[in-house]
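Engineer: So that you have it, the file is final.cif, and it contains mmCIF, C-alpha atoms and all ligand atoms:
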```cif
data_entry
#
loop_
_atom_site.label_atom_id
_atom_site.label_comp_id
_atom_site.auth_asym_id
_atom_site.auth_seq_id
_atom_site.Cartn_x
_atom_site.Cartn_y
_atom_site.Cartn_z
CA MET A 1 131.70 86.16 170.04
CA SER A 2 131.59 89.95 169.82
CA ALA A 3 128.61 92.21 169.28
CA GLU A 4 127.76 95.87 169.46
CA LEU A 5 124.94 97.83 171.03
CA ALA A 6 124.31 101.55 170.96
CA VAL A 7 126.11 103.74 173.48
CA PRO A 8 123.92 106.75 174.29
CA ARG A 9 125.50 110.13 173.62
CA ALA A 10 125.79 110.93 177.33
CA SER A 11 127.81 107.74 177.88
CA ARG A 12 130.07 108.06 174.82
CA ARG A 13 132.47 110.43 176.51
CA THR A 14 132.55 108.10 179.49
CA ALA A 15 133.32 105.17 177.18
CA ARG A 16 136.14 107.09 175.48
CA GLY A 17 137.53 107.99 178.90
CA PHE A 18 137.52 104.34 179.98
CA ASP A 19 139.15 103.46 176.64
CA ARG A 20 142.02 105.76 177.60
CA LEU A 21 142.13 104.51 181.19
CA SER A 22 142.00 100.82 180.32
CA GLY A 23 145.79 100.42 180.08
CA VAL A 24 146.41 101.74 183.58
CA TYR A 25 143.08 100.87 185.23
CA ASP A 26 144.21 97.76 187.11
CA ALA A 27 147.51 99.31 188.20
CA LEU A 28 145.70 102.39 189.53
CA ALA A 29 143.13 100.30 191.37
CA ARG A 30 145.93 98.21 192.92
CA ALA A 31 147.92 101.32 193.87
CA CYS A 32 144.90 102.88 195.60
CA PHE A 33 143.22 99.83 197.14
CA GLY A 34 145.77 97.00 197.12
CA PRO A 35 143.99 93.64 196.75
CA LEU A 36 140.67 94.92 198.10
CA ILE A 37 138.78 95.42 194.82
CA PRO A 38 139.23 91.84 193.52
CA ARG A 39 138.76 90.49 197.03
CA SER A 40 135.40 92.25 197.33
CA GLN A 41 134.27 90.77 194.02
CA GLU A 42 135.37 87.21 194.76
CA LEU A 43 133.73 86.68 198.15
CA PHE A 44 130.73 84.72 196.86
CA LEU A 45 132.17 82.93 193.84
CA ASP A 46 131.03 79.52 195.14
CA ASP A 47 127.39 80.66 195.16
CA MET A 48 127.69 82.06 191.66
CA ALA A 49 129.67 79.33 189.92
CA THR A 50 126.68 77.01 189.56
CA ARG A 51 124.35 79.53 187.86
CA GLY A 52 123.18 78.83 184.31
CA ASN A 53 123.97 82.10 182.55
CA ALA A 54 125.35 85.45 183.59
CA LEU A 55 125.28 89.09 182.57
CA ILE A 56 128.34 91.10 183.62
CA VAL A 57 127.73 94.82 183.19
CA GLY A 58 130.64 97.24 183.02
CA GLY A 59 133.10 94.41 183.57
CA GLY A 60 136.18 96.55 182.91
CA THR A 61 139.39 94.65 182.19
CA GLY A 62 137.79 91.29 182.96
CA GLY A 63 139.38 90.31 186.27
CA PHE A 64 136.06 89.28 187.76
CA LEU A 65 134.99 87.40 184.63
CA VAL A 66 138.16 85.31 184.68
CA SER A 67 137.73 84.62 188.41
CA LEU A 68 134.14 83.47 187.82
CA VAL A 69 135.20 81.05 185.08
CA ALA A 70 138.18 79.90 187.14
CA ALA A 71 135.74 79.15 190.00
CA GLY A 72 133.95 76.69 187.73
CA PHE A 73 131.22 78.73 186.06
CA ARG A 74 130.34 76.95 182.82
CA GLY A 75 127.17 78.69 181.63
CA ARG A 76 126.91 81.35 178.92
CA ILE A 77 128.25 84.81 179.84
CA VAL A 78 127.27 88.10 178.28
CA ASN A 79 130.04 90.56 179.10
CA LEU A 80 128.83 94.09 178.37
CA ASP A 81 131.01 97.16 178.46
CA ALA A 82 130.77 100.52 176.75
CA SER A 83 134.54 100.63 176.26
CA ALA A 84 136.05 98.70 173.34
CA SER A 85 139.50 98.79 174.96
CA MET A 86 138.20 97.29 178.20
CA LEU A 87 136.65 94.45 176.19
CA ARG A 88 139.88 93.91 174.26
CA ARG A 89 141.79 93.63 177.54
CA THR A 90 139.21 91.18 178.85
CA ARG A 91 139.69 88.95 175.81
CA GLU A 92 143.48 89.12 176.21
CA ARG A 93 143.19 88.29 179.89
CA LEU A 94 140.95 85.32 179.14
CA ARG A 95 143.38 84.01 176.55
CA GLY A 96 146.24 84.46 179.02
CA SER A 97 144.32 82.50 181.65
CA GLY A 98 143.84 79.51 179.36
CA LEU A 99 140.11 79.60 180.15
CA ALA A 100 138.84 81.20 176.94
CA ALA A 101 137.24 77.97 175.76
CA ALA A 102 135.81 76.98 179.13
CA CYS A 103 132.43 78.57 178.47
CA ALA A 104 130.55 80.54 175.84
CA ILE A 105 131.17 84.26 176.25
CA ASP A 106 129.59 87.07 174.22
CA HIS A 107 131.59 90.27 174.53
CA VAL A 108 129.20 93.10 173.78
CA GLN A 109 130.35 96.66 173.33
CA GLY A 110 127.53 98.99 174.28
CA GLY A 111 125.65 100.93 176.89
CA VAL A 112 123.57 99.20 179.53
CA GLU A 113 120.84 101.61 178.46
CA ALA A 114 120.53 99.81 175.11
CA LEU A 115 120.16 96.27 176.48
CA SER A 116 116.94 94.67 175.36
CA ASP A 117 114.58 93.63 178.12
CA GLY A 118 113.84 90.28 176.47
CA ALA A 119 116.84 88.30 177.76
CA ARG A 120 116.78 86.57 181.16
CA PHE A 121 119.84 85.78 183.27
CA ASP A 122 120.38 83.67 186.37
CA LEU A 123 123.14 85.98 187.54
CA VAL A 124 123.69 89.70 187.06
CA CYS A 125 126.96 91.32 188.18
CA THR A 126 127.48 95.03 188.68
CA ASN A 127 130.92 95.59 190.20
CA TYR A 128 131.76 99.26 190.84
CA PHE A 129 129.35 100.14 188.05
CA LEU A 130 126.09 101.48 189.50
CA ASP A 131 127.99 104.31 191.22
CA LEU A 132 128.48 105.90 187.79
CA PHE A 133 124.82 106.86 187.58
CA GLU A 134 122.93 109.77 189.00
CA ASN A 135 119.63 108.96 190.50
CA ASP A 136 117.14 109.12 187.66
CA ASP A 137 119.58 107.12 185.55
CA LEU A 138 120.33 104.78 188.44
CA VAL A 139 116.62 104.01 188.78
CA ALA A 140 116.33 103.30 185.06
CA VAL A 141 119.43 101.07 184.98
CA MET A 142 118.42 99.11 188.09
CA ARG A 143 114.88 98.63 186.77
CA LYS A 144 116.21 97.40 183.45
CA LEU A 145 118.57 94.88 185.08
CA ASP A 146 115.82 93.80 187.48
CA GLY A 147 113.67 93.02 184.44
CA MET A 148 116.46 90.85 183.02
CA LEU A 149 117.05 88.73 186.12
CA ALA A 150 115.25 85.37 186.32
CA GLY A 151 112.80 84.88 189.20
CA ASP A 152 115.27 83.02 191.38
CA GLY A 153 118.29 84.86 189.96
CA LEU A 154 121.16 86.32 191.96
CA TRP A 155 122.56 89.84 191.56
CA LEU A 156 126.10 90.52 192.71
CA CYS A 157 126.83 94.14 193.49
CA THR A 158 130.05 95.57 194.90
CA ASP A 159 130.74 99.21 195.60
CA PHE A 160 132.11 101.83 197.95
CA SER A 161 130.38 102.31 201.28
CA PRO A 162 128.86 105.72 201.83
CA PRO A 163 130.74 107.55 204.60
CA ARG A 164 129.05 106.74 207.93
CA GLY A 165 129.64 107.11 211.62
CA PRO A 166 131.33 109.89 213.60
CA ALA A 167 132.80 112.82 211.63
CA LEU A 168 136.40 111.77 212.20
CA ARG A 169 135.70 108.37 210.67
CA ARG A 170 133.63 109.81 207.82
CA ILE A 171 136.24 112.31 206.61
CA PRO A 172 138.82 109.92 205.07
CA THR A 173 136.14 107.96 203.19
CA ALA A 174 134.39 111.14 202.07
CA LEU A 175 137.70 112.53 200.81
CA LEU A 176 138.57 109.33 198.99
CA VAL A 177 135.16 109.13 197.32
CA SER A 178 135.24 112.82 196.27
CA THR A 179 138.74 112.37 194.86
CA LEU A 180 137.67 109.32 192.88
CA TYR A 181 134.64 111.12 191.45
CA ALA A 182 136.78 114.17 190.60
CA ALA A 183 139.24 111.89 188.78
CA PHE A 184 136.45 110.12 186.87
CA ALA A 185 134.86 113.50 186.03
CA LEU A 186 138.16 114.70 184.60
CA THR A 187 139.13 111.57 182.70
CA CYS A 188 135.75 110.10 181.73
CA GLY A 189 133.26 112.94 182.02
CA VAL A 190 131.36 111.10 184.75
CA ARG A 191 128.77 113.57 186.09
CA THR A 192 127.92 111.81 189.33
CA ARG A 193 129.46 113.58 192.30
CA ARG A 194 128.64 111.36 195.24
CA LEU A 195 127.68 107.80 195.91
CA PRO A 196 124.10 107.18 194.91
CA PRO A 197 121.77 105.19 197.22
CA ILE A 198 122.42 101.82 195.63
CA GLU A 199 121.47 99.68 198.62
CA SER A 200 118.22 101.56 199.08
CA GLY A 201 117.60 101.01 195.40
CA PHE A 202 117.85 97.25 195.88
CA ALA A 203 115.52 97.38 198.88
CA GLY A 204 113.03 99.45 196.92
CA LEU A 205 112.98 96.90 194.15
CA GLY A 206 112.23 94.16 196.68
CA TYR A 207 115.71 92.64 196.89
CA VAL A 208 117.34 91.32 200.04
CA PRO A 209 120.99 90.44 200.48
CA ARG A 210 121.39 86.69 200.68
CA ARG A 211 125.01 87.36 201.61
CA ARG A 212 126.72 90.62 202.43
CA GLU A 213 130.22 91.40 203.59
CA THR A 214 132.49 94.39 203.76
CA VAL A 215 136.23 94.55 203.16
CA GLY A 216 138.86 97.17 203.94
CA ARG A 217 137.36 98.00 207.34
CA GLY A 218 134.02 98.74 205.77
CA LEU A 219 135.35 100.78 202.85
CA LEU A 220 133.89 98.43 200.25
CA TRP A 221 130.74 96.33 200.38
CA SER A 222 129.75 93.29 198.46
CA ALA A 223 126.28 91.77 198.42
CA LEU A 224 124.66 88.88 196.65
CA TYR A 225 121.01 89.85 196.29
CA ARG A 226 117.92 87.90 195.52
CA ARG A 227 114.29 88.89 195.38
CA GLY A 228 111.79 88.54 198.17
CA ALA A 229 111.77 87.70 201.83
CA GLY A 230 113.04 84.13 201.52
CA ALA A 231 116.73 84.99 201.40
CA ALA A 232 118.94 83.24 203.90
CA ALA A 233 121.03 84.86 206.60
CA ILE A 234 123.74 87.26 205.58
CA GLY A 235 127.50 87.17 205.88
CA PRO A 236 129.74 87.04 208.90
CA ASN A 237 131.12 90.51 209.22
CA GLU A 238 128.22 92.81 208.63
CA GLY A 239 124.52 92.89 207.95
CA PRO A 240 122.87 95.18 205.46
CA ALA A 241 123.48 98.85 206.11
CA ALA A 242 121.70 99.51 209.37
CA ASN A 243 120.70 102.88 208.08
CA PRO A 244 120.98 102.82 204.32
CA VAL A 245 121.41 106.13 202.58
CA ALA A 246 118.11 107.94 202.78
CA CYS A 247 115.96 107.44 199.75
CA GLY A 248 113.60 110.35 199.97
CA GLY A 249 111.67 111.90 197.15
CA GLY A 250 109.73 108.71 196.52
CA MET A 251 112.31 107.24 194.18
CA PHE A 252 111.61 103.68 195.25
CA HIS A 253 108.39 102.27 196.52
CA HIS A 254 109.01 99.58 199.13
CA GLY A 255 107.10 96.65 197.80
CA GLY A 256 109.12 96.04 194.74
CA ARG A 257 108.07 98.61 192.20
CA VAL A 258 109.77 101.79 191.25
CA THR A 259 107.14 104.44 191.19
CA GLU A 260 108.81 107.72 190.51
CA ALA A 261 112.26 109.10 189.84
CA GLY A 262 113.92 110.94 192.70
CA ASN A 263 116.60 113.58 192.58
CA HIS A 264 119.26 112.52 195.02
CA GLY A 265 122.95 112.70 195.14
CA ARG A 266 123.44 115.62 192.81
C1 LIG A 301 134.53 101.86 187.29
S1 LIG A 301 134.72 100.70 185.98
C2 LIG A 301 134.46 99.16 186.83
C3 LIG A 301 135.19 98.05 186.13
C4 LIG A 301 135.09 96.68 186.83
N1 LIG A 301 133.73 96.25 187.00
C5 LIG A 301 135.81 96.70 188.14
O1 LIG A 301 135.19 96.44 189.16
O2 LIG A 301 137.02 96.96 188.16
C6 LIG A 301 133.22 100.92 185.10
C7 LIG A 301 133.13 100.14 183.78
O3 LIG A 301 131.84 100.39 183.23
C8 LIG A 301 131.94 100.71 181.85
N2 LIG A 301 130.81 101.61 181.53
C9 LIG A 301 130.66 102.91 181.84
N3 LIG A 301 129.45 103.37 181.44
C10 LIG A 301 128.82 102.31 180.89
C11 LIG A 301 127.53 102.11 180.31
N4 LIG A 301 126.65 103.13 180.24
N5 LIG A 301 127.19 100.89 179.86
C12 LIG A 301 128.09 99.85 179.93
N6 LIG A 301 129.32 99.97 180.46
C13 LIG A 301 129.69 101.18 180.93
C14 LIG A 301 133.31 101.37 181.70
O4 LIG A 301 133.81 101.28 180.39
C15 LIG A 301 134.13 100.60 182.72
O5 LIG A 301 134.75 99.47 182.15
#
```
Please express what this file holds, its structure, as structure tokens.

Structural biologist:
Amino acid sequence: MSAELAVPRASRRTARGFDRLSGVYDALARACFGPLIPRSQELFLDDMATRGNALIVGGGTGGFLVSLVAAGFRGRIVNLDASASMLRRTRERLRGSGLAAACAIDHVQGGVEALSDGARFDLVCTNYFLDLFENDDLVAVMRKLDGMLAGDGLWLCTDFSPPRGPALRRIPTALLVSTLYAAFALTCGVRTRRLPPIESGFAGLGYVPRRRETVGRGLLWSALYRRGAGAAAIGPNEGPAANPVACGGGMFHHGGRVTEAGNHGR
């Protein structure tokens, strides 16, 4: 099934940019990162495959969606993307995989901003999506998705690691991230210029990583979050960022509620 939601004006240019990029998106990602992007998204498929229903936000060309269904997920999926072309490619990919009838999937063209808070999901997936938002917007998007996750729900998030460590180790990652943002600014009008404090955002909303791993020598991180202190031990190759990006300005109140918008990462 297909549906449409509003795309706010600020995101329309971004959506048009991703429409144009959709045909080359996977090839570009493969050329820059080899198999790392899909690998980062597929680390915890076993934990996710048994969930009842899922919301995939900014799913792009649908590689992750197909992997989730191929891993045995049989609940309802809402696949939201602002780009009509990305959704079209997802449908084509699903048909090509032979899994289109394996579960009920609603492909919704629209902005995350327009999602209604009423729905509840057992699984929310934001792969390389939250990094598109500057901090006030990031807070709003994370709060909205938090409100849509069931009490015992899981939230998969994958993204680029902020440059850390000694200067010589930080430079290549910093260069790569700036180049990516410059490319997305040019092609999609993305205004964000550096990685926002996503992991601090999760901590501020009261989430803990039930599993967390990095791939590509720490370039990319993937975490399966759940609320509260009861989450089990984390993954084999790295714990949560020992020193997550500072979250000053009172953007997140540790204790689970967002109290005030900050002004980071601009
Ligand atoms: C960087 S791509 C990530 C695609 C995919 N998740 C992946 O990991 O390859 C971001 C995706 O988010 C979509 N997008 C951008 N802004 C959005 C918004 N405000 N609401 C919903 N989707 C949006 C784009 O169309 C694009 O498909």

Engineer: Given the choices A:Leu149, A:Leu138, A:Ile77, A:Val69, which gets closest to Asp117 of chain A if the distance is worked out from all atoms listed in the file?

Structural biologist: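 Looking at the shortest contact to Asp117 of chain A, the residue is A:Leu149.
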
Engineer: For a quick check of your reading of the model, name the residues lying within 7 Å of the coordinate (122.2, 87.0, 195.4), counting all atoms listed in the file, and write them as a list in words.

Structural biologist: Leu154, Trp155, Leu156, Pro209, Arg210, Arg211, Ala223, Leu224, Tyr225 and Arg226 of chain A

Engineer: Let me see if you get this right: every residue at most 9 Å from ligand LIG 301 (chain A), counting only C-alpha atoms and all ligand atoms, written as an mmCIF file with C-alpha atoms, in the frame of the given file.

Structural biologist:
```cif
data_model
loop_
_atom_site.group_PDB
_atom_site.id
_atom_site.type_symbol
_atom_site.label_atom_id
_atom_site.label_comp_id
_atom_site.auth_asym_id
_atom_site.auth_seq_id
_atom_site.Cartn_x
_atom_site.Cartn_y
_atom_site.Cartn_z
ATOM 1 C CA VAL A 7 126.110 103.740 173.480
ATOM 2 C CA PRO A 8 123.920 106.750 174.290
ATOM 3 C CA ALA A 10 125.790 110.930 177.330
ATOM 4 C CA SER A 11 127.810 107.740 177.880
ATOM 5 C CA ARG A 12 130.070 108.060 174.820
ATOM 6 C CA THR A 14 132.550 108.100 179.490
ATOM 7 C CA ALA A 15 133.320 105.170 177.180
ATOM 8 C CA ARG A 16 136.140 107.090 175.480
ATOM 9 C CA GLY A 17 137.530 107.990 178.900
ATOM 10 C CA PHE A 18 137.520 104.340 179.980
ATOM 11 C CA ASP A 19 139.150 103.460 176.640
ATOM 12 C CA LEU A 21 142.130 104.510 181.190
ATOM 13 C CA SER A 22 142.000 100.820 180.320
ATOM 14 C CA TYR A 25 143.080 100.870 185.230
ATOM 15 C CA ASP A 26 144.210 97.760 187.110
ATOM 16 C CA ALA A 29 143.130 100.300 191.370
ATOM 17 C CA ILE A 37 138.780 95.420 194.820
ATOM 18 C CA PRO A 38 139.230 91.840 193.520
ATOM 19 C CA GLN A 41 134.270 90.770 194.020
ATOM 20 C CA ILE A 56 128.340 91.100 183.620
ATOM 21 C CA VAL A 57 127.730 94.820 183.190
ATOM 22 C CA GLY A 58 130.640 97.240 183.020
ATOM 23 C CA GLY A 59 133.100 94.410 183.570
ATOM 24 C CA GLY A 60 136.180 96.550 182.910
ATOM 25 C CA THR A 61 139.390 94.650 182.190
ATOM 26 C CA GLY A 62 137.790 91.290 182.960
ATOM 27 C CA GLY A 63 139.380 90.310 186.270
ATOM 28 C CA PHE A 64 136.060 89.280 187.760
ATOM 29 C CA LEU A 80 128.830 94.090 178.370
ATOM 30 C CA ASP A 81 131.010 97.160 178.460
ATOM 31 C CA ALA A 82 130.770 100.520 176.750
ATOM 32 C CA SER A 83 134.540 100.630 176.260
ATOM 33 C CA ALA A 84 136.050 98.700 173.340
ATOM 34 C CA SER A 85 139.500 98.790 174.960
ATOM 35 C CA MET A 86 138.200 97.290 178.200
ATOM 36 C CA LEU A 87 136.650 94.450 176.190
ATOM 37 C CA GLN A 109 130.350 96.660 173.330
ATOM 38 C CA GLY A 110 127.530 98.990 174.280
ATOM 39 C CA GLY A 111 125.650 100.930 176.890
ATOM 40 C CA VAL A 112 123.570 99.200 179.530
ATOM 41 C CA GLU A 113 120.840 101.610 178.460
ATOM 42 C CA ALA A 114 120.530 99.810 175.110
ATOM 43 C CA CYS A 125 126.960 91.320 188.180
ATOM 44 C CA THR A 126 127.480 95.030 188.680
ATOM 45 C CA ASN A 127 130.920 95.590 190.200
ATOM 46 C CA TYR A 128 131.760 99.260 190.840
ATOM 47 C CA PHE A 129 129.350 100.140 188.050
ATOM 48 C CA LEU A 130 126.090 101.480 189.500
ATOM 49 C CA ASP A 131 127.990 104.310 191.220
ATOM 50 C CA LEU A 132 128.480 105.900 187.790
ATOM 51 C CA PHE A 133 124.820 106.860 187.580
ATOM 52 C CA VAL A 141 119.430 101.070 184.980
ATOM 53 C CA THR A 158 130.050 95.570 194.900
ATOM 54 C CA ASP A 159 130.740 99.210 195.600
ATOM 55 C CA PHE A 184 136.450 110.120 186.870
ATOM 56 C CA CYS A 188 135.750 110.100 181.730
ATOM 57 C CA VAL A 190 131.360 111.100 184.750
#
```

Engineer: Using only C-alpha atoms, pick whichever of A:Leu205, A:Leu36, A:Leu175, A:Leu195 has the shortest atom-to-atom distance to Gly218 of chain A.

Structural biologist: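 Closest candidate: A:Leu36.
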
Engineer: Could you jot down the atom CA of Val66 of chain A to atom CA of Ala100 of chain A separation for me, Å, one decimal place?

Structural biologist: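 Atom CA of Val66 of chain A sits 8.8 Å away from atom CA of Ala100 of chain A.
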
Engineer: Quick check, in Å to one decimal: how far apart do atom CA of Val108 of chain A and atom CA of Gly153 of chain A lie?

Structural biologist: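 Straight-line distance from atom CA of Val108 of chain A to atom CA of Gly153 of chain A works out to 21.2 Å.
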
Engineer: Taking all atoms of segment 46-49 of chain A that the file lists, what box with edges along x, y and z, padded by 6 Å per side, do you get, with centre and edge lengths in Å to one decimal, as AutoDock Vina command-line options?

Structural biologist:
```
--center_x 129.2 --center_y 80.7 --center_z 192.5 --size_x 15.6 --size_y 14.7 --size_z 17.2
```

Engineer: What is the distance between atom CA of Ser200 of chain A and atom CA of Leu68 of chain A, in Å to one decimal?

Structural biologist: 26.6 Å

Engineer: So which one's closest to Gly216 of chain A, A:Ala102, A:Leu123, A:Ser161, A:Arg20? Using all atoms listed in the file, please.

Structural biologist: A:Ser161

Engineer: Counting all atoms listed in the file, find residues at most 7 Å from (132.8, 108.7, 203.4) (file frame) and give them as a list in words.

Structural biologist: Pro162, Pro163, Arg164, Arg170, Ile171, Pro172, Thr173, Ala174, Leu175 and Val177 of chain A

Engineer: Using all atoms listed in the file, can you tell me which of A:Val24, A:Leu219, A:Leu5, A:Ala54 comes closest to Leu176 of chain A?

Structural biologist: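 Between A:Val24, A:Leu219, A:Leu5, A:Ala54, the residue approaching Leu176 of chain A most closely is A:Leu219.
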
Engineer: Determine the nearest neighbour of Tyr207 of chain A from the options A:Arg93, A:Leu220, A:Asp146, A:Arg169, counting all atoms listed in the file.

Structural biologist: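 The closest residue to Tyr207 of chain A is A:Asp146.
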
Engineer: For Leu115 of chain A, which of A:Arg143, A:Arg91, A:Arg193, A:Arg13 is the closest residue, counting all atoms listed in the file?

Structural biologist: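 Of A:Arg143, A:Arg91, A:Arg193, A:Arg13, the one nearest Leu115 of chain A, counting all atoms listed in the file, is A:Arg143.
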